[in-house]
Each structure stands twice: as structure tokens, then as C-alpha cells.
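> Input start-v2.csv, format and content: CSV, C-alpha atoms.
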```csv
chain,number,residue,atom,x,y,z
A,40,MET,CA,9.1,13.0,19.1
A,41,GLY,CA,6.6,13.0,16.3
A,42,GLU,CA,7.1,9.4,15.5
A,43,PHE,CA,4.1,7.3,14.5
A,44,TYR,CA,3.6,3.7,13.4
A,45,THR,CA,2.6,3.6,9.7
A,46,PRO,CA,-0.9,2.1,9.4
A,47,GLN,CA,-1.2,-0.9,7.1
A,48,GLN,CA,-3.5,0.9,4.7
A,49,ILE,CA,-1.1,3.8,4.1
A,50,SER,CA,1.8,1.4,3.9
A,51,ASP,CA,-0.2,-0.5,1.1
A,52,ILE,CA,-0.5,2.8,-0.9
A,53,LEU,CA,3.2,3.6,-0.7
A,54,SER,CA,4.2,0.1,-1.5
A,55,ALA,CA,2.0,-0.1,-4.5
A,56,ILE,CA,3.2,3.3,-5.9
A,57,VAL,CA,6.9,2.4,-5.8
A,58,THR,CA,6.4,-1.1,-7.2
A,59,LEU,CA,4.1,-0.1,-10.1
A,60,ASP,CA,7.1,0.8,-12.4
A,61,SER,CA,8.5,-2.7,-11.9
A,62,GLN,CA,5.4,-4.2,-13.6
A,63,ASP,CA,5.2,-5.3,-17.2
A,64,PRO,CA,2.5,-3.0,-18.6
A,65,LYS,CA,1.0,-5.8,-20.7
A,66,THR,CA,1.1,-8.8,-18.4
A,67,GLY,CA,1.2,-7.1,-15.0
A,68,PRO,CA,3.5,-9.4,-13.1
A,69,LYS,CA,6.0,-7.8,-10.8
A,70,MET,CA,9.6,-7.8,-12.1
A,71,ARG,CA,12.5,-6.8,-9.9
A,72,LEU,CA,13.8,-3.9,-7.8
A,73,ASP,CA,17.5,-4.0,-7.2
A,74,SER,CA,17.2,-2.0,-4.0
A,75,VAL,CA,14.7,-0.3,-1.8
A,76,LEU,CA,15.4,2.2,1.0
A,77,ASP,CA,13.5,3.5,4.1
A,78,PHE,CA,15.7,6.0,5.8
A,79,ALA,CA,13.4,6.2,8.9
A,80,CYS,CA,12.4,2.6,8.9
A,81,GLY,CA,11.2,2.1,12.5
A,82,SER,CA,10.4,-1.6,12.9
A,83,GLY,CA,10.7,-2.2,9.2
A,84,SER,CA,7.0,-2.8,8.4
A,85,LEU,CA,7.0,-0.5,5.4
A,86,LEU,CA,10.0,-2.2,3.8
A,87,LEU,CA,8.4,-5.6,4.4
A,88,ASN,CA,5.2,-4.4,2.8
A,89,VAL,CA,7.1,-3.3,-0.3
A,90,ARG,CA,8.7,-6.8,-0.5
A,91,ARG,CA,5.2,-8.4,-0.2
A,92,HIS,CA,3.9,-6.2,-3.0
A,93,MET,CA,6.8,-7.3,-5.2
A,94,LYS,CA,6.4,-11.0,-4.4
A,95,TYR,CA,2.6,-11.6,-4.2
A,96,ASP,CA,-0.6,-10.5,-5.9
A,97,LYS,CA,-3.8,-9.6,-4.1
A,98,GLU,CA,-4.8,-13.2,-3.7
A,99,GLY,CA,-1.5,-14.1,-2.2
A,100,LYS,CA,-0.2,-15.9,-5.3
A,101,ASP,CA,3.6,-15.9,-5.7
A,102,MET,CA,4.4,-13.9,-8.9
A,103,GLY,CA,8.1,-14.3,-8.6
A,104,GLY,CA,9.0,-10.6,-8.2
A,105,THR,CA,12.1,-9.9,-6.2
A,106,ILE,CA,14.1,-7.2,-4.4
A,107,GLY,CA,17.8,-7.4,-4.7
A,108,LYS,CA,18.4,-5.9,-1.2
A,109,ILE,CA,16.5,-4.0,1.4
A,110,PHE,CA,18.1,-1.0,3.1
A,111,GLY,CA,16.9,0.7,6.2
A,112,GLN,CA,18.1,3.3,8.7
A,113,GLU,CA,16.8,4.0,12.2
A,114,LYS,CA,18.0,6.3,15.0
A,115,ASN,CA,16.2,4.7,17.9
A,116,ILE,CA,18.3,1.7,19.1
A,117,THR,CA,15.4,-0.3,20.4
A,118,THR,CA,13.4,0.1,17.2
A,119,TYR,CA,16.5,-0.6,15.1
A,120,ASN,CA,16.9,-4.0,16.8
A,121,LEU,CA,13.2,-4.6,16.3
A,122,ALA,CA,13.6,-4.0,12.6
A,123,ARG,CA,16.4,-6.5,12.2
A,124,MET,CA,14.4,-9.1,14.1
A,125,ASN,CA,11.4,-8.3,12.0
A,126,MET,CA,13.3,-9.0,8.8
A,127,LEU,CA,14.4,-12.4,10.0
A,128,LEU,CA,11.0,-13.3,11.4
A,129,HIS,CA,9.5,-12.6,7.9
A,130,GLY,CA,12.0,-14.9,6.2
A,131,VAL,CA,14.4,-12.2,4.9
A,132,LYS,CA,17.9,-13.6,5.0
A,133,ASP,CA,20.7,-11.6,6.7
A,134,THR,CA,22.4,-11.2,3.3
A,135,GLU,CA,19.2,-9.7,1.8
A,136,PHE,CA,18.9,-6.7,4.1
A,137,ASP,CA,21.1,-4.0,5.7
A,138,ILE,CA,19.7,-2.0,8.6
A,139,PHE,CA,21.9,0.8,10.0
A,140,HIS,CA,21.6,2.4,13.4
A,141,GLY,CA,22.3,6.1,13.1
A,142,ASP,CA,21.0,9.7,12.5
A,143,THR,CA,19.7,10.1,9.0
A,144,LEU,CA,19.8,13.9,9.0
A,145,LEU,CA,23.5,13.9,10.1
A,146,ASN,CA,24.1,11.2,7.5
A,147,GLU,CA,26.0,8.9,9.9
A,148,TRP,CA,25.9,5.9,7.6
A,149,ASP,CA,29.4,5.6,6.0
A,150,MET,CA,27.9,3.9,3.0
A,151,MET,CA,25.9,7.1,2.2
A,152,ARG,CA,28.9,9.4,2.6
A,153,GLU,CA,30.7,8.3,-0.5
A,154,ALA,CA,32.4,11.4,-2.0
A,155,ASN,CA,32.8,9.9,-5.5
A,156,PRO,CA,29.5,10.4,-7.4
A,157,ALA,CA,30.2,7.4,-9.5
A,158,LYS,CA,30.2,5.2,-6.4
A,159,LYS,CA,27.4,6.9,-4.6
A,160,PRO,CA,24.7,4.5,-3.5
A,161,SER,CA,21.3,4.9,-5.3
A,162,PHE,CA,18.0,3.1,-5.0
A,163,ASP,CA,15.2,2.0,-7.3
A,164,ALA,CA,12.5,2.7,-4.7
A,165,ILE,CA,12.5,4.9,-1.6
A,166,VAL,CA,9.6,4.9,1.0
A,167,ALA,CA,9.5,6.7,4.2
A,168,ASN,CA,7.3,7.9,7.1
A,169,PRO,CA,9.7,10.2,8.9
A,170,PRO,CA,8.9,12.0,12.2
A,171,PHE,CA,6.4,14.8,11.5
A,172,SER,CA,7.7,18.4,11.9
A,173,TYR,CA,10.8,17.2,13.8
A,174,ARG,CA,12.9,19.9,15.4
A,175,TRP,CA,16.5,19.7,14.4
A,176,GLU,CA,19.7,21.8,14.4
A,177,PRO,CA,20.9,22.6,10.9
A,178,THR,CA,24.5,23.6,11.1
A,179,ASP,CA,26.8,25.5,8.7
A,180,ALA,CA,28.4,22.2,7.8
A,181,LEU,CA,25.0,20.8,6.7
A,182,ALA,CA,24.5,23.9,4.6
A,183,ASP,CA,27.4,22.7,2.4
A,184,ASP,CA,26.2,19.1,2.5
A,185,VAL,CA,25.7,17.7,-1.0
A,186,ARG,CA,22.1,16.6,-0.1
A,187,PHE,CA,21.0,20.1,0.8
A,188,LYS,CA,23.4,22.5,-1.0
A,189,SER,CA,21.3,23.0,-4.2
A,190,HIS,CA,17.9,23.3,-2.4
A,191,GLY,CA,18.8,24.9,1.0
A,192,LEU,CA,18.2,23.8,4.5
A,193,ALA,CA,14.8,23.1,6.1
A,194,PRO,CA,14.0,25.3,9.1
A,195,LYS,CA,14.8,24.3,12.6
A,196,SER,CA,11.1,24.0,13.5
A,197,ALA,CA,10.4,21.3,10.9
A,198,ALA,CA,12.9,18.9,9.3
A,199,ASP,CA,10.2,17.5,6.9
A,200,PHE,CA,12.0,18.7,3.8
A,201,ALA,CA,15.4,17.7,5.2
A,202,PHE,CA,14.2,14.1,5.3
A,203,LEU,CA,12.7,14.4,1.8
A,204,LEU,CA,15.9,15.9,0.3
A,205,HIS,CA,18.0,13.2,2.0
A,206,GLY,CA,16.0,10.4,0.4
A,207,PHE,CA,15.7,12.2,-3.0
A,208,HIS,CA,19.5,12.6,-3.2
A,209,PHE,CA,19.9,8.8,-3.2
A,210,LEU,CA,17.1,8.1,-5.7
A,211,LYS,CA,18.0,6.6,-9.0
A,212,ASP,CA,17.2,8.7,-12.1
A,213,GLU,CA,14.5,6.2,-13.1
A,214,GLY,CA,13.5,5.5,-9.5
A,215,VAL,CA,10.3,6.4,-7.5
A,216,MET,CA,10.1,7.9,-4.0
A,217,ALA,CA,6.9,8.1,-1.9
A,218,ILE,CA,7.0,9.8,1.4
A,219,ILE,CA,4.4,10.6,4.1
A,220,LEU,CA,4.4,14.2,5.4
A,221,PRO,CA,2.2,16.6,7.2
A,222,HIS,CA,0.1,19.0,5.0
A,223,GLY,CA,2.3,22.0,6.1
A,224,VAL,CA,4.9,21.0,3.5
A,225,LEU,CA,2.4,21.9,0.8
A,226,PHE,CA,2.0,25.6,1.7
A,227,ARG,CA,4.4,26.8,4.4
A,228,GLY,CA,6.6,29.7,3.4
A,229,GLY,CA,10.2,30.7,4.1
A,230,ALA,CA,12.8,28.1,3.5
A,231,GLU,CA,10.3,25.4,2.8
A,232,GLU,CA,8.7,27.5,0.1
A,233,ARG,CA,12.1,27.9,-1.6
A,234,ILE,CA,12.8,24.2,-1.4
A,235,ARG,CA,9.3,23.4,-2.8
A,236,THR,CA,9.7,25.9,-5.6
A,237,LYS,CA,13.0,24.4,-6.8
A,238,LEU,CA,11.6,20.9,-6.7
A,239,LEU,CA,8.7,22.0,-8.8
A,240,ASN,CA,10.7,24.1,-11.2
A,241,ASP,CA,13.0,21.1,-11.7
A,242,GLY,CA,10.0,18.8,-12.4
A,243,HIS,CA,10.6,16.4,-9.5
A,244,ILE,CA,7.2,16.5,-7.8
A,245,ASP,CA,5.0,14.0,-9.6
A,246,THR,CA,1.9,13.5,-7.4
A,247,VAL,CA,0.3,15.0,-4.3
A,248,ILE,CA,-2.2,12.7,-2.4
A,249,GLY,CA,-4.3,14.1,0.4
A,250,LEU,CA,-5.4,11.5,2.9
A,251,PRO,CA,-8.2,11.6,5.5
A,252,ALA,CA,-7.6,12.7,9.1
A,253,ASN,CA,-7.3,10.3,12.0
A,254,LEU,CA,-5.7,7.4,10.2
A,255,PHE,CA,-2.8,7.1,12.6
A,256,TYR,CA,-3.0,5.5,16.1
A,257,SER,CA,-1.3,8.4,18.0
A,258,THR,CA,-2.4,11.5,16.1
A,259,GLY,CA,-5.5,12.8,14.3
A,260,ILE,CA,-3.7,15.1,11.9
A,261,PRO,CA,-4.3,14.6,8.2
A,262,VAL,CA,-1.2,13.7,6.1
A,263,CYS,CA,-0.3,13.7,2.5
A,264,ILE,CA,1.8,11.5,0.3
A,265,LEU,CA,4.4,13.2,-2.0
A,266,VAL,CA,5.6,11.1,-5.0
A,267,LEU,CA,8.9,12.3,-6.5
A,268,LYS,CA,10.8,11.3,-9.6
A,269,LYS,CA,14.1,12.6,-11.0
A,270,CYS,CA,13.1,12.1,-14.6
A,271,LYS,CA,9.4,12.9,-14.5
A,272,LYS,CA,7.8,12.9,-18.0
A,273,PRO,CA,4.5,14.9,-17.8
A,274,ASN,CA,4.8,18.6,-17.2
A,275,ASP,CA,2.1,18.7,-14.6
A,276,VAL,CA,1.4,17.6,-11.1
A,277,LEU,CA,-1.4,15.1,-10.3
A,278,PHE,CA,-3.5,16.1,-7.3
A,279,ILE,CA,-5.6,13.4,-5.6
A,280,ASN,CA,-8.0,14.5,-2.9
A,281,ALA,CA,-8.8,11.3,-1.0
A,282,ALA,CA,-9.5,13.1,2.3
A,283,GLU,CA,-13.3,12.6,2.1
A,284,HIS,CA,-13.1,8.9,1.1
A,285,PHE,CA,-13.0,6.8,4.2
A,286,VAL,CA,-15.0,4.7,6.7
A,287,LYS,CA,-15.4,6.4,10.1
A,288,GLY,CA,-14.2,4.2,13.0
A,289,LYS,CA,-14.5,4.5,16.8
A,290,ARG,CA,-10.8,5.3,17.3
A,291,GLN,CA,-9.3,5.6,13.8
A,292,ASN,CA,-10.8,6.2,10.4
A,293,GLN,CA,-10.2,3.4,7.9
A,294,LEU,CA,-9.5,3.1,4.2
A,295,THR,CA,-11.2,0.2,2.6
A,296,PRO,CA,-9.6,-1.9,-0.2
A,297,GLU,CA,-11.8,0.0,-2.6
A,298,HIS,CA,-10.5,3.4,-1.4
A,299,ILE,CA,-6.9,2.2,-1.7
A,300,SER,CA,-7.5,0.7,-5.2
A,301,LYS,CA,-9.0,4.0,-6.4
A,302,ILE,CA,-6.0,6.0,-5.2
A,303,ILE,CA,-3.6,3.6,-6.8
A,304,ASP,CA,-5.6,3.4,-10.1
A,305,THR,CA,-5.9,7.2,-10.2
A,306,TYR,CA,-2.1,7.5,-9.7
A,307,GLN,CA,-1.1,4.8,-12.2
A,308,PHE,CA,-3.3,6.1,-15.1
A,309,ARG,CA,-3.2,9.8,-14.0
A,310,LYS,CA,-7.0,9.9,-14.1
A,311,GLU,CA,-9.0,13.1,-13.6
A,312,GLU,CA,-12.3,13.1,-11.7
A,313,PRO,CA,-14.4,16.0,-10.5
A,314,ARG,CA,-13.8,16.8,-6.8
A,315,TYR,CA,-11.3,13.9,-6.6
A,316,SER,CA,-8.3,14.2,-8.9
A,317,ARG,CA,-6.9,16.7,-11.4
A,318,ARG,CA,-3.7,17.2,-13.4
A,319,VAL,CA,-2.4,20.7,-13.0
A,320,GLU,CA,0.0,22.4,-15.4
A,321,MET,CA,3.0,24.1,-14.0
A,322,ASP,CA,1.8,27.5,-15.3
A,323,GLU,CA,-1.1,27.3,-12.9
A,324,ILE,CA,1.1,26.2,-10.0
A,325,LYS,CA,3.4,29.2,-10.7
A,326,LYS,CA,0.4,31.6,-10.6
A,327,ASN,CA,-0.4,30.2,-7.2
A,328,ASP,CA,3.2,31.0,-6.0
A,329,PHE,CA,4.1,27.3,-5.9
A,330,ASN,CA,1.5,26.6,-3.2
A,331,LEU,CA,0.5,23.0,-3.4
A,332,ASN,CA,-2.5,23.2,-1.0
A,333,ILE,CA,-4.9,20.7,-2.6
A,334,SER,CA,-8.0,22.8,-2.1
A,335,ARG,CA,-6.5,25.4,-4.5
A,336,TYR,CA,-6.7,23.0,-7.4
A,337,ILE,CA,-9.6,20.6,-6.5
A,338,SER,CA,-12.9,22.2,-5.4
A,339,THR,CA,-14.7,20.2,-2.7
A,340,ALA,CA,-17.7,22.5,-2.6
A,341,VAL,CA,-21.0,20.9,-3.4
A,342,GLY,CA,-23.1,23.1,-5.7
A,343,GLU,CA,-26.6,23.9,-4.7
A,344,ALA,CA,-29.2,22.0,-6.5
A,345,GLU,CA,-31.2,24.0,-9.1
A,346,ILE,CA,-34.8,24.8,-8.0
A,347,ASP,CA,-37.5,23.9,-10.5
A,348,LEU,CA,-39.8,26.9,-10.1
A,349,ALA,CA,-42.8,25.3,-11.9
A,350,ALA,CA,-42.6,22.2,-9.8
A,351,THR,CA,-42.2,24.1,-6.6
A,352,HIS,CA,-45.2,26.3,-7.5
A,353,GLY,CA,-47.3,23.3,-8.2
A,354,GLU,CA,-46.4,21.8,-4.8
A,355,LEU,CA,-47.4,25.0,-3.1
A,356,VAL,CA,-50.8,25.1,-4.9
A,357,ASP,CA,-51.5,21.5,-3.8
A,358,ILE,CA,-50.6,22.3,-0.2
A,359,GLU,CA,-52.9,25.3,-0.3
A,360,LYS,CA,-55.8,23.2,-1.6
A,361,ALA,CA,-55.1,20.5,1.1
A,362,VAL,CA,-55.2,23.2,3.8
A,363,ARG,CA,-58.5,24.6,2.6
A,364,ALA,CA,-60.1,21.2,2.3
A,365,ALA,CA,-58.9,20.3,5.8
A,366,THR,CA,-60.3,23.6,7.2
A,367,VAL,CA,-63.7,23.0,5.6
A,368,LYS,CA,-63.9,19.5,7.1
A,369,HIS,CA,-62.8,20.8,10.5
A,370,ASN,CA,-65.4,23.5,10.4
A,371,GLY,CA,-68.0,20.9,9.7
A,372,PHE,CA,-67.2,19.2,13.1
A,373,LEU,CA,-67.1,22.6,14.9
A,374,LYS,CA,-70.5,23.5,13.5
A,375,GLU,CA,-72.1,20.3,14.8
A,376,LEU,CA,-70.6,21.1,18.2
A,377,GLY,CA,-71.9,24.7,18.1
A,378,LEU,CA,-68.4,26.1,18.3
A,379,PRO,CA,-67.0,29.1,16.4
A,380,LEU,CA,-65.7,28.3,12.9
A,381,LEU,CA,-62.2,28.8,11.7
A,382,PRO,CA,-61.7,31.5,9.2
A,383,LEU,CA,-61.4,30.3,5.6
A,384,GLU,CA,-59.0,32.6,3.8
A,385,GLU,CA,-59.6,33.2,0.1
A,386,HIS,CA,-56.5,32.9,-2.1
A,387,ASP,CA,-56.1,33.3,-5.8
A,388,LEU,CA,-55.2,29.7,-6.7
A,389,PRO,CA,-54.4,29.2,-10.4
A,390,GLY,CA,-56.0,26.3,-12.1
```
Rewrite the coordinates I just gave you, this time as C-alpha cells.

Amino acid sequence: MGEFYTPQQISDILSAIVTLDSQDPKTGPKMRLDSVLDFACGSGSLLLNVRRHMKYDKEGKDMGGTIGKIFGQEKNITTYNLARMNMLLHGVKDTEFDIFHGDTLLNEWDMMREANPAKKPSFDAIVANPPFSYRWEPTDALADDVRFKSHGLAPKSAADFAFLLHGFHFLKDEGVMAIILPHGVLFRGGAEERIRTKLLNDGHIDTVIGLPANLFYSTGIPVCILVLKKCKKPNDVLFINAAEHFVKGKRQNQLTPEHISKIIDTYQFRKEEPRYSRRVEMDEIKKNDFNLNISRYISTAVGEAEIDLAATHGELVDIEKAVRAATVKHNGFLKELGLPLLPLEEHDLPG
């Protein structure tokens, strides 16, 4: 069904991204998120990781950061029950979370179907690892759904953008959304191109992070993280090419704490680094027909090293002299044995 457990290392990246804006820029301690949502929450591990990032620092010290309430939605009944148990086992009180069993794409959660915009639920942080390229049945009724009406419906073959638009609709104006998706969302055409173009023109796509292949337990496909904001300030998109930065494992590749810290630091300070990260202005993205394929903006080619002709010539001269000296010595042995001598070619050797 395209469903994959979110590896801890990817979960750490998403959690750090959505909690960064809750930090005091001077002192660093986490503050408070009123609400966090994962609309494809599985067993709830991603939500619990966001809670941990809010509450503790890297050394496990309690910094006092809090989340008002955790919200999750899961279609699979077994996984839904696991998520609720997981919350309780990790010390989250039943008044501090609300996990709903239902179809996210059909928006079966009554709380989310509020017609009054003033009462519509919205969230400070949204994280998700929805099923990759999930086949769905977009109906005429969904075409008029407030979540999709302004952007259009995702194609039947891949509901990736349907999941994204669902979450984005419920994001607060000052909130942050981080979602894991297959790379196809960056460049596929048709309906997905139209959705991607509108999101870019409206200034909602903040960062594109390319991750290494083979990080998941059940699939080797490479994935990307899209970071979206409703009130994005810079008029550019930050591209981070982390696909080549990993430790190769027997079954899965691994991201070390250093790799994760570099991604987060690059995102937080919008750093640029050759072959790793770059801020791309919207004009350039428009010239590329709103294609977000990372390789279009960050070159991964390794330039050929320049050849020092003088040094190379000197090495060849030394080799030629060594060959002649060895031949002369060898001919001395052959002469003593009465055997034919090797020819000693004459070359013009400068110096």
C-alpha cells in the first residue's frame, strides 16, 4: 500500500524543522507549540518525536518546552490503536492527544469539516510521511472540496499532492509543515505540475531537501522533504542536496548525527555550499518551468583536476632516464652471460 515506517533519523529532521520556529533566537530553549498534526500518523512515532524535540535538548535535559495538544489521523484500524497505546506508553495523557480513525483524503474527521472559516482548526506544526504514490479515486465532489478547489486534484495514480494540500489547508499562517514525499512530486507533469506551479507562485514552498536512497526498511527509493509555509519571507527556494551524505549499511543506509545536524543547520540559516545547498530565486525556477528536480539547481559533477604540464613532463623525463639506466644495467648481466643485448633506444631528453 506504499506505507513505510518512518526511520528515526528522518523523523529527527522533520521534528527539528517544525520546532525551530518555537525557539528563542537568542537563548535557544524551546517555547511552546499549541498544536501539532500528523494526518497519516501510523503508530504515532513522528508525533512523539516532535514532542521529544520540544521538551528535551540533545543531552536529554528537560528544557520545559511544551505542546498544547497532539493530533493524529490514521486509516488502518490496527495502526490507529497502536498509536493511541503508544501515546499512553510514552506518558502522554489522554487529554493531551486526539487520534482519529478515518480516511484523510475523504476528510472523514468531523472536526476538520468545519464550514465556518473562523472556527476551522489550524495547527502550528504539521509533519507527515503519507503513503508514497498512493492510488486514489478523486471524485467530482472532491473537486469542489475547499482543500483542493484552488489548486486542483492530484491524479489517480498518485495522491502525494492530495495529502500535501490536505495538511497545508489546516496549517496556521505562521506555522511550518514538513512532509516526506517521493522525488516524483518535484518534476512530474500534468495535474501535479499545475499544483506545484501554484504553490510556488504563491510563495509557499520554502525548502526542498533531497535525502539518500535506501533509508527506509521496506523500500530503497530516495525521498525528499518539502517544507511549506503560508507566510514565507524570502522570495527564493532553498535546495539541499543531502543525497550523497550518508554511511552505507548492509541493509539500510544511515544518516549520522553529523549529517542530520548539517541538514538542520543549513535549513535554519539558509546556508549555501557548493554541491550541497543553494538558494534559488523564483525567476530561475520559472525559467525551468517550475521543475524542482534538485539536479537542475545544484551541480553534483566533480570537475576534472587540472593537469600541470611542466610537472607531468618532468615525471616522464625521470621515467625515461630510469628505463635507460635499468636497460644498461640489464645489458651488463646479459653480456657476462654471452646473451644478446637489449636495444637501447636513443631519445632526445631535455636537460
> Got a sec: who's within 8 Å of segment 251-268 of chain A, counting only C-alpha atoms, leaving out chain neighbours fewer than 5 positions off, as a PyMOL selection string?
chain A and resi 43-46+207+212-222+243-246+281-285+290-293
> Do you have the atom CA of Ile109 of chain A-atom CA of Asp137 of chain A distance handy?
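Distance reported for this atom pair: 6.3 Å.
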> Considering only C-alpha atoms, state which residue in the set A:Lys100, A:Lys132, A:His190, A:His140 is at the smallest distance from Cys80 of chain A.
A:His140
> Calculate how many Å separate atom CA of Gly229 of chain A from atom CA of Ala201 of chain A, rounding to one decimal.
14.0 Å
> Which residues come within 12 Å of segment 172-180 of chain A, counting all atoms listed in the file, excluding same-chain residues fewer than 4 positions away, as a ChimeraX atom specification?
/A:40-43,142-146,168,184-188,191-203,219-224,227,231,260,262
> How many Å separate atom CA of Asp73 of chain A from atom CA of Ala167 of chain A?
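Between atom CA of Asp73 of chain A and atom CA of Ala167 of chain A the gap works out to 17.6 Å.
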> Using all atoms listed in the file for the distances, tell me which of A:Gly81, A:Val247, A:Phe308, A:His298 is nearest to Tyr336 of chain A.
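Using all atoms listed in the file, Tyr336 of chain A sits closest to A:Val247.
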> For a cut-off of 9 Å around (27.5, 0.5, 4.3), file coordinates, pick out all residues using only C-alpha atoms and list them as a VMD selection string.
chain A and resid 137 139 148 to 151
> Can you pull out the residues contacting Ser300 of chain A? Cut-off 9 Å, using all atoms listed in the file, and skip same-chain residues under 5 positions away; I want them as a PyMOL selection string.
chain A and resi 52+295+305
> Find the spatial neighbours of Ile138 of chain A, counting all atoms listed in the file, within a cut-off of 10 Å - ignore same-chain residues fewer than 4 positions away - and output them as a ChimeraX atom specification.
/A:76-78,80,83,109-113,119-120,122-123,126,133
> Let me make sure I understand: among A:Phe278, A:Tyr95, A:Phe209, A:Tyr315, which one has the smallest atom-to-atom distance to Leu225 of chain A if we use all atoms listed in the file?
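Of A:Phe278, A:Tyr95, A:Phe209, A:Tyr315, the one nearest Leu225 of chain A is A:Phe278, counting all atoms listed in the file.
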> Pick out the residues sitting within 9 Å of Lys94 of chain A, and hand them over as a PDB file with C-alpha atoms, in the frame of the given file; count all atoms listed in the file, and ignore anything fewer than 6 positions along from it in its own chain.

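In the end it all went to selection.pdb:
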```pdb
ATOM      1  CA  LYS A  69       6.000  -7.800 -10.800  1.00  0.00           C
ATOM      2  CA  MET A  70       9.600  -7.800 -12.100  1.00  0.00           C
ATOM      3  CA  LYS A 100      -0.200 -15.900  -5.300  1.00  0.00           C
ATOM      4  CA  ASP A 101       3.600 -15.900  -5.700  1.00  0.00           C
ATOM      5  CA  MET A 102       4.400 -13.900  -8.900  1.00  0.00           C
ATOM      6  CA  GLY A 103       8.100 -14.300  -8.600  1.00  0.00           C
ATOM      7  CA  GLY A 104       9.000 -10.600  -8.200  1.00  0.00           C
ATOM      8  CA  THR A 105      12.100  -9.900  -6.200  1.00  0.00           C
ATOM      9  CA  ILE A 106      14.100  -7.200  -4.400  1.00  0.00           C
TER      10      ILE A 106
END
```
> What would segment 267-288 of chain A look like with N, CA and C atoms in place, written as a PDB file, keeping the file's coordinate frame?

```
ATOM      1  N   LEU A 267       7.840  11.551  -5.762  1.00  0.00           N
ATOM      2  CA  LEU A 267       8.900  12.300  -6.500  1.00  0.00           C
ATOM      3  C   LEU A 267       9.620  11.395  -7.438  1.00  0.00           C
ATOM      4  N   LYS A 268      10.026  11.988  -8.558  1.00  0.00           N
ATOM      5  CA  LYS A 268      10.800  11.300  -9.600  1.00  0.00           C
ATOM      6  C   LYS A 268      11.870  12.268 -10.101  1.00  0.00           C
ATOM      7  N   LYS A 269      13.035  11.746 -10.440  1.00  0.00           N
ATOM      8  CA  LYS A 269      14.100  12.600 -11.000  1.00  0.00           C
ATOM      9  C   LYS A 269      13.885  12.866 -12.474  1.00  0.00           C
ATOM     10  N   CYS A 270      13.275  11.913 -13.168  1.00  0.00           N
ATOM     11  CA  CYS A 270      13.100  12.100 -14.600  1.00  0.00           C
ATOM     12  C   CYS A 270      11.561  11.944 -14.903  1.00  0.00           C
ATOM     13  N   LYS A 271      10.808  12.892 -14.360  1.00  0.00           N
ATOM     14  CA  LYS A 271       9.400  12.900 -14.500  1.00  0.00           C
ATOM     15  C   LYS A 271       9.013  13.338 -15.950  1.00  0.00           C
ATOM     16  N   LYS A 272       8.123  12.619 -16.628  1.00  0.00           N
ATOM     17  CA  LYS A 272       7.800  12.900 -18.000  1.00  0.00           C
ATOM     18  C   LYS A 272       6.700  13.999 -18.160  1.00  0.00           C
ATOM     19  N   PRO A 273       5.532  13.840 -17.548  1.00  0.00           N
ATOM     20  CA  PRO A 273       4.500  14.900 -17.800  1.00  0.00           C
ATOM     21  C   PRO A 273       4.856  16.174 -17.100  1.00  0.00           C
ATOM     22  N   ASN A 274       4.545  17.291 -17.761  1.00  0.00           N
ATOM     23  CA  ASN A 274       4.800  18.600 -17.200  1.00  0.00           C
ATOM     24  C   ASN A 274       3.648  19.110 -16.397  1.00  0.00           C
ATOM     25  N   ASP A 275       3.183  18.268 -15.509  1.00  0.00           N
ATOM     26  CA  ASP A 275       2.100  18.700 -14.600  1.00  0.00           C
ATOM     27  C   ASP A 275       2.238  17.909 -13.312  1.00  0.00           C
ATOM     28  N   VAL A 276       1.413  18.270 -12.354  1.00  0.00           N
ATOM     29  CA  VAL A 276       1.400  17.600 -11.100  1.00  0.00           C
ATOM     30  C   VAL A 276      -0.020  17.009 -10.886  1.00  0.00           C
ATOM     31  N   LEU A 277      -0.088  15.739 -10.530  1.00  0.00           N
ATOM     32  CA  LEU A 277      -1.400  15.100 -10.300  1.00  0.00           C
ATOM     33  C   LEU A 277      -1.760  15.305  -8.826  1.00  0.00           C
ATOM     34  N   PHE A 278      -2.939  15.886  -8.612  1.00  0.00           N
ATOM     35  CA  PHE A 278      -3.500  16.100  -7.300  1.00  0.00           C
ATOM     36  C   PHE A 278      -4.609  15.058  -7.057  1.00  0.00           C
ATOM     37  N   ILE A 279      -4.549  14.339  -5.938  1.00  0.00           N
ATOM     38  CA  ILE A 279      -5.600  13.400  -5.600  1.00  0.00           C
ATOM     39  C   ILE A 279      -6.136  13.793  -4.209  1.00  0.00           C
ATOM     40  N   ASN A 280      -7.419  14.118  -4.155  1.00  0.00           N
ATOM     41  CA  ASN A 280      -8.000  14.500  -2.900  1.00  0.00           C
ATOM     42  C   ASN A 280      -8.848  13.336  -2.345  1.00  0.00           C
ATOM     43  N   ALA A 281      -8.162  12.479  -1.575  1.00  0.00           N
ATOM     44  CA  ALA A 281      -8.800  11.300  -1.000  1.00  0.00           C
ATOM     45  C   ALA A 281      -9.261  11.555   0.442  1.00  0.00           C
ATOM     46  N   ALA A 282      -9.233  12.806   0.869  1.00  0.00           N
ATOM     47  CA  ALA A 282      -9.500  13.100   2.300  1.00  0.00           C
ATOM     48  C   ALA A 282     -10.922  12.834   2.706  1.00  0.00           C
ATOM     49  N   GLU A 283     -11.861  12.809   1.759  1.00  0.00           N
ATOM     50  CA  GLU A 283     -13.300  12.600   2.100  1.00  0.00           C
ATOM     51  C   GLU A 283     -13.714  11.161   1.854  1.00  0.00           C
ATOM     52  N   HIS A 284     -12.785  10.302   1.470  1.00  0.00           N
ATOM     53  CA  HIS A 284     -13.100   8.900   1.100  1.00  0.00           C
ATOM     54  C   HIS A 284     -12.580   7.965   2.146  1.00  0.00           C
ATOM     55  N   PHE A 285     -13.396   7.638   3.125  1.00  0.00           N
ATOM     56  CA  PHE A 285     -13.000   6.800   4.200  1.00  0.00           C
ATOM     57  C   PHE A 285     -14.189   6.226   4.944  1.00  0.00           C
ATOM     58  N   VAL A 286     -13.949   5.252   5.810  1.00  0.00           N
ATOM     59  CA  VAL A 286     -15.000   4.700   6.700  1.00  0.00           C
ATOM     60  C   VAL A 286     -14.668   5.181   8.103  1.00  0.00           C
ATOM     61  N   LYS A 287     -15.603   5.848   8.741  1.00  0.00           N
ATOM     62  CA  LYS A 287     -15.400   6.400  10.100  1.00  0.00           C
ATOM     63  C   LYS A 287     -15.352   5.261  11.098  1.00  0.00           C
ATOM     64  N   GLY A 288     -14.311   5.231  11.928  1.00  0.00           N
ATOM     65  CA  GLY A 288     -14.200   4.200  13.000  1.00  0.00           C
ATOM     66  C   GLY A 288     -14.299   4.860  14.349  1.00  0.00           C
TER      67      GLY A 288
END
```
